[in-house]
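Okay, data.csv is below, CSV, C-alpha atoms:
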```
chain,number,residue,atom,x,y,z
L,1,PHE,CA,80.0,105.9,58.7
L,2,GLU,CA,76.1,106.0,58.5
L,3,HIS,CA,76.2,109.1,60.7
L,4,ASP,CA,78.7,110.8,58.4
L,5,LEU,CA,76.4,110.2,55.4
L,6,GLU,CA,73.4,111.5,57.3
L,7,VAL,CA,75.3,114.7,58.4
L,8,ALA,CA,76.5,115.3,54.8
L,9,TYR,CA,73.0,114.9,53.4
L,10,LEU,CA,71.3,117.2,55.9
L,11,ALA,CA,74.0,119.8,55.8
L,12,LEU,CA,74.0,119.8,52.0
L,13,GLN,CA,70.3,120.2,51.9
L,14,ALA,CA,70.5,123.1,54.4
L,15,ALA,CA,73.4,124.8,52.5
L,16,ILE,CA,71.5,124.6,49.2
L,17,ALA,CA,68.4,126.1,50.9
L,18,GLN,CA,70.6,128.9,52.3
L,19,GLY,CA,71.6,129.8,48.7
L,20,HIS,CA,75.2,128.4,48.7
L,21,GLU,CA,76.5,126.9,45.5
L,22,GLY,CA,79.6,125.6,43.7
L,23,GLU,CA,82.7,124.8,45.7
L,24,THR,CA,81.0,125.8,49.0
L,25,LEU,CA,78.6,122.8,48.5
L,26,LEU,CA,81.5,120.5,47.7
L,27,ALA,CA,83.2,121.6,51.0
L,28,VAL,CA,80.1,121.0,52.9
L,29,LEU,CA,79.8,117.5,51.4
L,30,VAL,CA,83.5,116.7,52.2
L,31,ALA,CA,83.2,118.0,55.7
L,32,GLY,CA,80.1,115.9,56.3
L,33,LEU,CA,81.9,112.8,55.2
L,34,LEU,CA,85.1,113.5,57.1
L,35,HIS,CA,84.0,115.3,60.3
L,36,ASP,CA,84.4,112.2,62.4
L,37,TYR,CA,87.5,110.9,60.7
L,38,ASP,CA,89.9,109.9,63.5
L,39,PRO,CA,92.1,106.9,62.8
L,40,GLN,CA,93.6,107.2,66.3
L,41,ARG,CA,90.3,106.3,67.9
L,42,GLY,CA,88.2,104.6,65.3
L,43,ALA,CA,84.5,104.9,65.6
L,44,ALA,CA,84.6,105.5,69.4
L,45,ARG,CA,84.2,109.1,70.3
L,46,PRO,CA,86.4,110.7,67.6
L,47,GLU,CA,88.1,114.0,68.5
L,48,VAL,CA,87.9,117.1,66.3
L,49,THR,CA,91.5,117.9,67.0
L,50,HIS,CA,92.6,114.5,65.7
L,51,THR,CA,90.5,115.0,62.6
L,52,LEU,CA,91.9,118.4,61.8
L,53,HIS,CA,95.4,117.1,62.3
L,54,HIS,CA,94.9,114.3,59.8
L,55,LEU,CA,93.4,116.7,57.3
L,56,GLU,CA,96.8,118.5,57.4
L,57,ILE,CA,99.2,115.5,57.4
L,58,ASP,CA,97.4,112.7,55.5
L,59,ALA,CA,98.9,112.5,52.0
L,60,ASP,CA,96.0,110.3,50.8
L,61,LEU,CA,93.5,113.0,51.9
L,62,ARG,CA,95.5,115.7,50.2
L,63,GLY,CA,95.5,113.7,47.0
L,64,PHE,CA,91.7,113.1,47.3
L,65,PHE,CA,91.2,116.9,47.6
L,66,ASP,CA,93.4,117.4,44.6
L,67,ARG,CA,91.4,115.0,42.5
L,68,LEU,CA,88.2,116.7,43.6
L,69,GLY,CA,89.7,120.1,42.5
L,70,LEU,CA,89.1,121.5,45.9
L,71,SER,CA,90.9,124.9,46.2
L,72,GLN,CA,92.9,126.1,49.2
L,73,GLU,CA,89.9,128.2,50.3
L,74,GLY,CA,87.6,125.1,49.9
L,75,ARG,CA,90.0,123.1,52.1
L,76,TRP,CA,90.0,126.0,54.6
L,77,LEU,CA,86.2,125.9,54.7
L,78,VAL,CA,86.2,122.2,55.3
L,79,ARG,CA,88.4,122.7,58.4
L,80,GLN,CA,86.2,125.5,59.8
L,81,LEU,CA,83.1,123.4,59.3
L,82,ILE,CA,84.7,120.5,61.1
L,83,ARG,CA,86.1,122.7,63.9
L,84,GLY,CA,82.6,124.0,64.6
L,85,THR,CA,81.4,120.4,65.4
L,86,GLU,CA,83.4,120.4,68.6
L,87,PHE,CA,81.0,119.3,71.4
L,88,PRO,CA,80.3,121.1,73.5
L,89,LEU,CA,81.6,124.1,71.5
L,90,ASP,CA,83.2,126.6,73.8
L,91,ASP,CA,83.2,130.4,73.3
L,92,ALA,CA,87.0,130.5,72.6
L,93,THR,CA,86.8,128.0,69.8
L,94,MET,CA,83.8,129.9,68.2
L,95,GLU,CA,85.7,133.1,68.5
L,96,GLU,CA,88.7,131.6,66.8
L,97,ILE,CA,86.5,130.4,63.9
L,98,ARG,CA,85.1,134.0,63.6
L,99,LEU,CA,88.6,135.3,63.5
L,100,GLN,CA,89.6,132.9,60.8
L,101,ILE,CA,86.5,133.9,58.8
L,102,GLY,CA,87.2,137.6,59.3
L,103,THR,CA,90.8,137.2,58.0
L,104,GLN,CA,89.9,135.0,55.1
L,105,ARG,CA,88.0,137.7,53.2
L,106,ALA,CA,87.1,141.3,53.8
L,107,ASP,CA,83.6,140.9,52.4
L,108,GLN,CA,81.2,141.3,55.4
L,109,ARG,CA,78.3,139.6,53.6
L,110,TRP,CA,80.5,136.6,52.8
L,111,GLN,CA,81.7,136.5,56.5
L,112,ALA,CA,78.1,136.5,57.8
L,113,ASP,CA,77.1,133.8,55.4
L,114,THR,CA,80.1,131.6,56.2
L,115,GLU,CA,79.6,132.0,60.0
L,116,ALA,CA,75.9,131.0,59.5
L,117,LEU,CA,77.0,128.0,57.5
L,118,VAL,CA,79.4,126.9,60.2
L,119,GLU,CA,76.6,127.1,62.8
L,120,LEU,CA,74.2,125.3,60.5
L,121,PHE,CA,76.7,122.5,59.8
L,122,ALA,CA,77.3,122.0,63.6
L,123,LEU,CA,73.5,121.8,64.0
L,124,ALA,CA,73.3,119.2,61.3
L,125,ASP,CA,75.9,117.1,63.1
L,126,LYS,CA,73.7,117.1,66.3
L,127,ALA,CA,70.3,116.9,64.6
L,128,ALA,CA,70.7,114.4,61.7
L,129,THR,CA,70.0,111.4,63.9
L,130,TYR,CA,66.7,112.9,65.1
L,131,LEU,CA,65.5,114.2,61.8
L,132,LEU,CA,66.5,111.5,59.4
L,133,LEU,CA,65.9,108.3,61.4
L,134,THR,CA,62.8,106.7,62.9
L,135,PRO,CA,62.4,107.2,66.7
L,136,GLU,CA,63.3,103.6,67.3
L,137,GLU,CA,66.5,103.9,65.2
L,138,ALA,CA,67.4,107.1,67.0
L,139,GLU,CA,66.9,105.5,70.4
L,140,GLU,CA,69.2,102.7,69.4
L,141,ARG,CA,71.9,105.3,68.5
L,142,VAL,CA,71.4,106.9,71.9
L,143,ARG,CA,71.9,103.5,73.6
L,144,GLN,CA,75.1,102.9,71.6
L,145,LEU,CA,76.3,106.4,72.5
L,146,ALA,CA,75.7,105.6,76.2
L,147,HIS,CA,78.3,102.7,76.0
L,148,GLU,CA,80.8,105.0,74.3
L,149,LEU,CA,80.4,107.5,77.1
L,150,GLY,CA,80.4,105.0,79.9
L,151,ARG,CA,76.8,105.9,80.9
L,152,THR,CA,73.8,103.6,81.4
L,153,GLU,CA,71.4,103.3,78.5
L,154,ALA,CA,68.4,104.3,80.6
L,155,GLU,CA,70.2,107.4,81.9
L,156,LEU,CA,71.0,108.7,78.4
L,157,VAL,CA,67.6,107.9,76.9
L,158,ALA,CA,65.9,109.7,79.8
L,159,LEU,CA,68.2,112.7,79.3
L,160,THR,CA,67.6,113.0,75.6
L,161,PRO,CA,64.7,115.5,75.9
L,162,PHE,CA,67.1,117.8,77.8
L,163,PHE,CA,69.6,117.4,75.0
L,164,PHE,CA,66.8,118.4,72.6
L,165,ALA,CA,66.1,121.6,74.5
L,166,GLU,CA,69.6,122.6,75.2
L,167,PHE,CA,71.4,121.9,71.9
L,168,LEU,CA,68.7,121.7,69.2
L,169,GLU,CA,65.7,123.8,70.0
L,170,SER,CA,67.8,126.6,71.5
L,171,SER,CA,69.3,127.2,68.0
L,172,PRO,CA,67.4,129.7,65.8
L,173,TRP,CA,68.6,127.6,62.8
L,174,PHE,CA,66.7,124.6,64.1
L,175,GLY,CA,63.4,126.4,63.8
L,176,TRP,CA,64.4,127.6,60.3
L,177,LEU,CA,65.3,124.0,59.3
L,178,LEU,CA,61.9,122.7,60.4
L,179,ARG,CA,60.0,125.5,58.6
L,180,ARG,CA,62.1,125.1,55.5
L,181,PHE,CA,61.6,121.3,55.3
L,182,PRO,CA,58.1,120.4,56.6
L,183,ALA,CA,58.8,116.7,56.6
L,184,TYR,CA,61.4,117.3,59.2
L,185,GLY,CA,58.9,119.2,61.3
L,186,GLN,CA,56.7,116.1,61.3
L,187,ALA,CA,59.6,113.8,62.1
L,188,TRP,CA,60.6,116.1,64.9
L,189,THR,CA,57.1,116.0,66.5
L,190,ALA,CA,57.2,112.2,66.4
L,191,MET,CA,60.7,112.1,67.9
L,192,GLN,CA,59.8,114.4,70.8
L,193,GLY,CA,56.8,112.3,71.6
L,194,HIS,CA,58.8,109.1,71.5
L,195,PHE,CA,61.6,110.3,73.9
L,196,ALA,CA,59.1,112.0,76.2
L,197,THR,CA,57.3,108.7,76.6
L,198,ARG,CA,60.5,106.7,77.1
L,199,ARG,CA,61.6,109.2,79.8
L,200,GLU,CA,58.3,108.7,81.6
L,201,ASP,CA,58.6,104.9,81.3
L,202,ILE,CA,62.1,105.0,82.7
L,203,ALA,CA,61.1,107.3,85.6
L,204,TYR,CA,58.1,105.0,86.4
L,205,ALA,CA,60.4,102.0,86.4
L,206,PHE,CA,62.8,103.7,88.8
L,207,ASP,CA,60.0,104.7,91.1
L,208,GLN,CA,58.7,101.1,91.2
L,209,ALA,CA,62.2,99.7,91.9
L,210,ALA,CA,62.6,102.2,94.7
L,211,GLN,CA,59.3,101.3,96.3
L,212,SER,CA,60.2,97.6,96.0
L,213,ALA,CA,63.5,98.2,97.8
L,214,TRP,CA,61.7,99.7,100.7
```
How does this structure look as structure tokens?
Amino acid sequence: FEHDLEVAYLALQAAIAQGHEGETLLAVLVAGLLHDYDPQRGAARPEVTHTLHHLEIDADLRGFFDRLGLSQEGRWLVRQLIRGTEFPLDDATMEEIRLQIGTQRADQRWQADTEALVELFALADKAATYLLLTPEEAEERVRQLAHELGRTEAELVALTPFFFAEFLESSPWFGWLLRRFPAYGQAWTAMQGHFATRREDIAYAFDQAAQSAW
């Protein structure tokens, strides 16, 4: 649940900075808190399709939305935001999200803003661990993830810099986020340095083990 809170916090900050307000911000908050909700699998690798299914059929969740005063469009936005967190997100899913946005309203400015919000929310899901936690805390999360994925801890820690390049730094919104919030820029510099060092340490250890084997 800590990750859900972190995503909600970062995504809400970013959405406010983008100029969103009112029910849109409520939808971002709700999506952040529920984006990994998957009673079928618990905390281990929740699936977006399961989350979306439960949003549709869970009477308690519908009652929660009613009490929040979340409109049908607000609930629709929650679903699109969560759908965008599919990882890795394939082109077909993103195209379906764009289609949903295009048919929801004819306002092209609103469509562009909503598509950007979906992209930014997905980025917050991937980046929150590395912008809000200390490098040591982030490394512990990576080690936990390794067990969920059936990978070794050393392998996933060593691959983290490649994750940074492929899924965070490649997004134009990531640079915007670091510029908009300088404290995150400083945290990111420290995080990069930490995982680069850990990768070098792991590579050195493997080299030493290989030499000993010979």
* Asked: In Å to one decimal, how far is CA of Thr51 (chain L) from CA of Ala106 (chain L)?
  ->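 About the pair CA of Ala106 (chain L) and CA of Thr51 (chain L): they are 27.9 Å apart.
Taking CA of Leu168 (chain L) and CA of Glu119 (chain L) as endpoints, the distance between them is 11.5 Å.
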Using only C-alpha atoms, find each residue in region 38-59 of chain L having at least one atom no more than 12 Å away from region 65-75 of chain L; report its shortest atom-to-atom pair and that distance in Å (one decimal), rows by chain then rising number, as a Markdown table.
```
| residue | atom | partner | partner_atom | distance |
| --- | --- | --- | --- | --- |
| L:Leu52 | CA | L:Arg75 | CA | 10.9 |
| L:Leu55 | CA | L:Arg75 | CA | 8.9 |
| L:Glu56 | CA | L:Arg75 | CA | 9.8 |
| L:Asp58 | CA | L:Phe65 | CA | 10.9 |
| L:Ala59 | CA | L:Phe65 | CA | 9.9 |
```
* To do: Do a neighbour search on region 132-147 of chain L at 12 Å with all atoms listed in the file, toss out local chain neighbours closer than 3 positions, and write the hits as a PyMOL selection string.
  => chain L and resi 2-3+5-11+43-45+124-129+150-161+163+181+183-199
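With only C-alpha atoms as the atoms that count, the residue of L:Leu61, L:Arg79, L:Ala122, L:Glu166 with the shortest distance to Ile101 (chain L) is L:Arg79.
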* Would you kindly return, as a PyMOL selection string, each protein, DNA or RNA residue with an atom no farther than 9 Å from any atom of Gln18 (chain L), considering only C-alpha atoms and excluding same-chain residues fewer than 5 positions away? => chain L and resi 13+113+117
* Asked: If we count all atoms listed in the file, what is near Leu12 (chain L) at a cut-off of 9 Å, once residues fewer than 4 positions away on the same chain are taken out, given as a list in words?
  -> Val7, Ala8, Ile16, Ala17, Leu25, Leu26, Val28, Leu29, Gly32 and Phe121 of chain L
Could those residues be written to a file, using C-alpha atoms, as a PDB file, in the coordinates of the input?
```pdb
ATOM      1  CA  VAL L   7      75.300 114.700  58.400  1.00  0.00           C
ATOM      2  CA  ALA L   8      76.500 115.300  54.800  1.00  0.00           C
ATOM      3  CA  ILE L  16      71.500 124.600  49.200  1.00  0.00           C
ATOM      4  CA  ALA L  17      68.400 126.100  50.900  1.00  0.00           C
ATOM      5  CA  LEU L  25      78.600 122.800  48.500  1.00  0.00           C
ATOM      6  CA  LEU L  26      81.500 120.500  47.700  1.00  0.00           C
ATOM      7  CA  VAL L  28      80.100 121.000  52.900  1.00  0.00           C
ATOM      8  CA  LEU L  29      79.800 117.500  51.400  1.00  0.00           C
ATOM      9  CA  GLY L  32      80.100 115.900  56.300  1.00  0.00           C
ATOM     10  CA  PHE L 121      76.700 122.500  59.800  1.00  0.00           C
TER      11      PHE L 121
END
```
* **Among the residues L:Ala15, L:Leu89, L:Val48, L:Ala112, the one that comes closest to Asp36 (chain L) [using only C-alpha atoms]** =>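 Closest to Asp36 (chain L), using only C-alpha atoms: L:Val48.
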* To do: Would you mind reading off the distance between CA of His54 (chain L) and CA of Asp107 (chain L), one decimal, in Å?
  =>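 Separation between CA of His54 (chain L) and CA of Asp107 (chain L): 29.8 Å.
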* Asked: Residues at most 12 Å from Met94 (chain L), counting all atoms listed in the file, excluding those fewer than 3 positions away in the same chain, as a list in words?
  ->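 What passes the distance filter is Gln80, Leu81, Ile82, Arg83, Gly84, Thr85, Glu86, Phe87, Pro88, Leu89, Asp90, Asp91, Ile97, Arg98, Leu99, Gln100, Ile101, Glu115, Ala116, Val118, Glu119 and Ala122 of chain L.
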* **Pick from L:Leu177, L:Glu200, L:Gln104, L:His53 nearest to Ala14 (chain L), counting all atoms listed in the file** =>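 Closest candidate: L:Leu177.
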If I only have part of region 128-153 of chain L, can you fill in N, CA, C and O atoms and write it as a JSON list (two decimals), in the frame of the given file?
```json
[["chain", "number", "residue", "atom", "x", "y", "z"],
["L", 128, "ALA", "N", 70.99, 115.38, 62.81],
["L", 128, "ALA", "CA", 70.70, 114.40, 61.70],
["L", 128, "ALA", "C", 70.08, 113.14, 62.25],
["L", 128, "ALA", "O", 69.13, 112.62, 61.63],
["L", 129, "THR", "N", 70.56, 112.62, 63.36],
["L", 129, "THR", "CA", 70.00, 111.40, 63.90],
["L", 129, "THR", "C", 68.51, 111.51, 64.19],
["L", 129, "THR", "O", 67.73, 110.58, 63.96],
["L", 130, "TYR", "N", 68.09, 112.70, 64.64],
["L", 130, "TYR", "CA", 66.70, 112.90, 65.10],
["L", 130, "TYR", "C", 65.77, 113.39, 64.01],
["L", 130, "TYR", "O", 64.56, 113.42, 64.22],
["L", 131, "LEU", "N", 66.32, 113.77, 62.87],
["L", 131, "LEU", "CA", 65.50, 114.20, 61.80],
["L", 131, "LEU", "C", 65.42, 113.23, 60.62],
["L", 131, "LEU", "O", 64.46, 113.23, 59.85],
["L", 132, "LEU", "N", 66.43, 112.38, 60.51],
["L", 132, "LEU", "CA", 66.50, 111.50, 59.40],
["L", 132, "LEU", "C", 66.16, 110.02, 59.71],
["L", 132, "LEU", "O", 65.84, 109.24, 58.82],
["L", 133, "LEU", "N", 66.23, 109.67, 61.00],
["L", 133, "LEU", "CA", 65.90, 108.30, 61.40],
["L", 133, "LEU", "C", 64.56, 108.19, 62.03],
["L", 133, "LEU", "O", 63.95, 109.19, 62.39],
["L", 134, "THR", "N", 64.08, 106.96, 62.18],
["L", 134, "THR", "CA", 62.80, 106.70, 62.90],
["L", 134, "THR", "C", 63.14, 106.90, 64.41],
["L", 134, "THR", "O", 64.31, 106.80, 64.83],
["L", 135, "PRO", "N", 62.12, 107.15, 65.23],
["L", 135, "PRO", "CA", 62.40, 107.20, 66.70],
["L", 135, "PRO", "C", 63.06, 106.01, 67.25],
["L", 135, "PRO", "O", 63.94, 106.13, 68.11],
["L", 136, "GLU", "N", 62.68, 104.84, 66.76],
["L", 136, "GLU", "CA", 63.30, 103.60, 67.30],
["L", 136, "GLU", "C", 64.76, 103.51, 66.88],
["L", 136, "GLU", "O", 65.60, 103.11, 67.69],
["L", 137, "GLU", "N", 65.07, 103.91, 65.65],
["L", 137, "GLU", "CA", 66.50, 103.90, 65.20],
["L", 137, "GLU", "C", 67.29, 104.93, 66.00],
["L", 137, "GLU", "O", 68.43, 104.67, 66.37],
["L", 138, "ALA", "N", 66.70, 106.09, 66.24],
["L", 138, "ALA", "CA", 67.40, 107.10, 67.00],
["L", 138, "ALA", "C", 67.66, 106.65, 68.43],
["L", 138, "ALA", "O", 68.74, 106.90, 68.99],
["L", 139, "GLU", "N", 66.69, 105.98, 69.03],
["L", 139, "GLU", "CA", 66.90, 105.50, 70.40],
["L", 139, "GLU", "C", 68.03, 104.47, 70.43],
["L", 139, "GLU", "O", 68.84, 104.47, 71.37],
["L", 140, "GLU", "N", 68.13, 103.64, 69.41],
["L", 140, "GLU", "CA", 69.20, 102.70, 69.40],
["L", 140, "GLU", "C", 70.57, 103.40, 69.28],
["L", 140, "GLU", "O", 71.55, 102.99, 69.91],
["L", 141, "ARG", "N", 70.63, 104.50, 68.53],
["L", 141, "ARG", "CA", 71.90, 105.30, 68.50],
["L", 141, "ARG", "C", 72.21, 105.85, 69.83],
["L", 141, "ARG", "O", 73.37, 105.88, 70.23],
["L", 142, "VAL", "N", 71.20, 106.33, 70.54],
["L", 142, "VAL", "CA", 71.40, 106.90, 71.90],
["L", 142, "VAL", "C", 71.96, 105.80, 72.81],
["L", 142, "VAL", "O", 72.89, 106.04, 73.60],
["L", 143, "ARG", "N", 71.43, 104.61, 72.71],
["L", 143, "ARG", "CA", 71.90, 103.50, 73.60],
["L", 143, "ARG", "C", 73.34, 103.14, 73.23],
["L", 143, "ARG", "O", 74.14, 102.83, 74.13],
["L", 144, "GLN", "N", 73.69, 103.17, 71.95],
["L", 144, "GLN", "CA", 75.10, 102.90, 71.60],
["L", 144, "GLN", "C", 76.01, 103.99, 72.12],
["L", 144, "GLN", "O", 77.11, 103.70, 72.60],
["L", 145, "LEU", "N", 75.55, 105.24, 72.04],
["L", 145, "LEU", "CA", 76.30, 106.40, 72.50],
["L", 145, "LEU", "C", 76.57, 106.22, 74.04],
["L", 145, "LEU", "O", 77.66, 106.57, 74.54],
["L", 146, "ALA", "N", 75.58, 105.73, 74.76],
["L", 146, "ALA", "CA", 75.70, 105.60, 76.20],
["L", 146, "ALA", "C", 76.92, 104.67, 76.52],
["L", 146, "ALA", "O", 77.70, 104.96, 77.45],
["L", 147, "HIS", "N", 77.12, 103.61, 75.76],
["L", 147, "HIS", "CA", 78.30, 102.70, 76.00],
["L", 147, "HIS", "C", 79.57, 103.42, 75.69],
["L", 147, "HIS", "O", 80.57, 103.23, 76.39],
["L", 148, "GLU", "N", 79.59, 104.25, 74.64],
["L", 148, "GLU", "CA", 80.80, 105.00, 74.30],
["L", 148, "GLU", "C", 81.18, 105.97, 75.40],
["L", 148, "GLU", "O", 82.36, 106.22, 75.66],
["L", 149, "LEU", "N", 80.15, 106.54, 76.05],
["L", 149, "LEU", "CA", 80.40, 107.50, 77.10],
["L", 149, "LEU", "C", 80.54, 106.94, 78.49],
["L", 149, "LEU", "O", 80.82, 107.66, 79.45],
["L", 150, "GLY", "N", 80.31, 105.63, 78.61],
["L", 150, "GLY", "CA", 80.40, 105.00, 79.90],
["L", 150, "GLY", "C", 79.18, 105.33, 80.80],
["L", 150, "GLY", "O", 79.30, 105.32, 82.03],
["L", 151, "ARG", "N", 78.06, 105.61, 80.18],
["L", 151, "ARG", "CA", 76.80, 105.90, 80.90],
["L", 151, "ARG", "C", 75.86, 104.73, 80.73],
["L", 151, "ARG", "O", 76.03, 103.89, 79.84],
["L", 152, "THR", "N", 74.81, 104.67, 81.56],
["L", 152, "THR", "CA", 73.80, 103.60, 81.40],
["L", 152, "THR", "C", 72.87, 104.03, 80.23],
["L", 152, "THR", "O", 72.65, 105.22, 79.98],
["L", 153, "GLU", "N", 72.32, 103.04, 79.56],
["L", 153, "GLU", "CA", 71.40, 103.30, 78.50],
["L", 153, "GLU", "C", 70.17, 104.09, 78.97],
["L", 153, "GLU", "O", 69.73, 105.06, 78.35]]
```
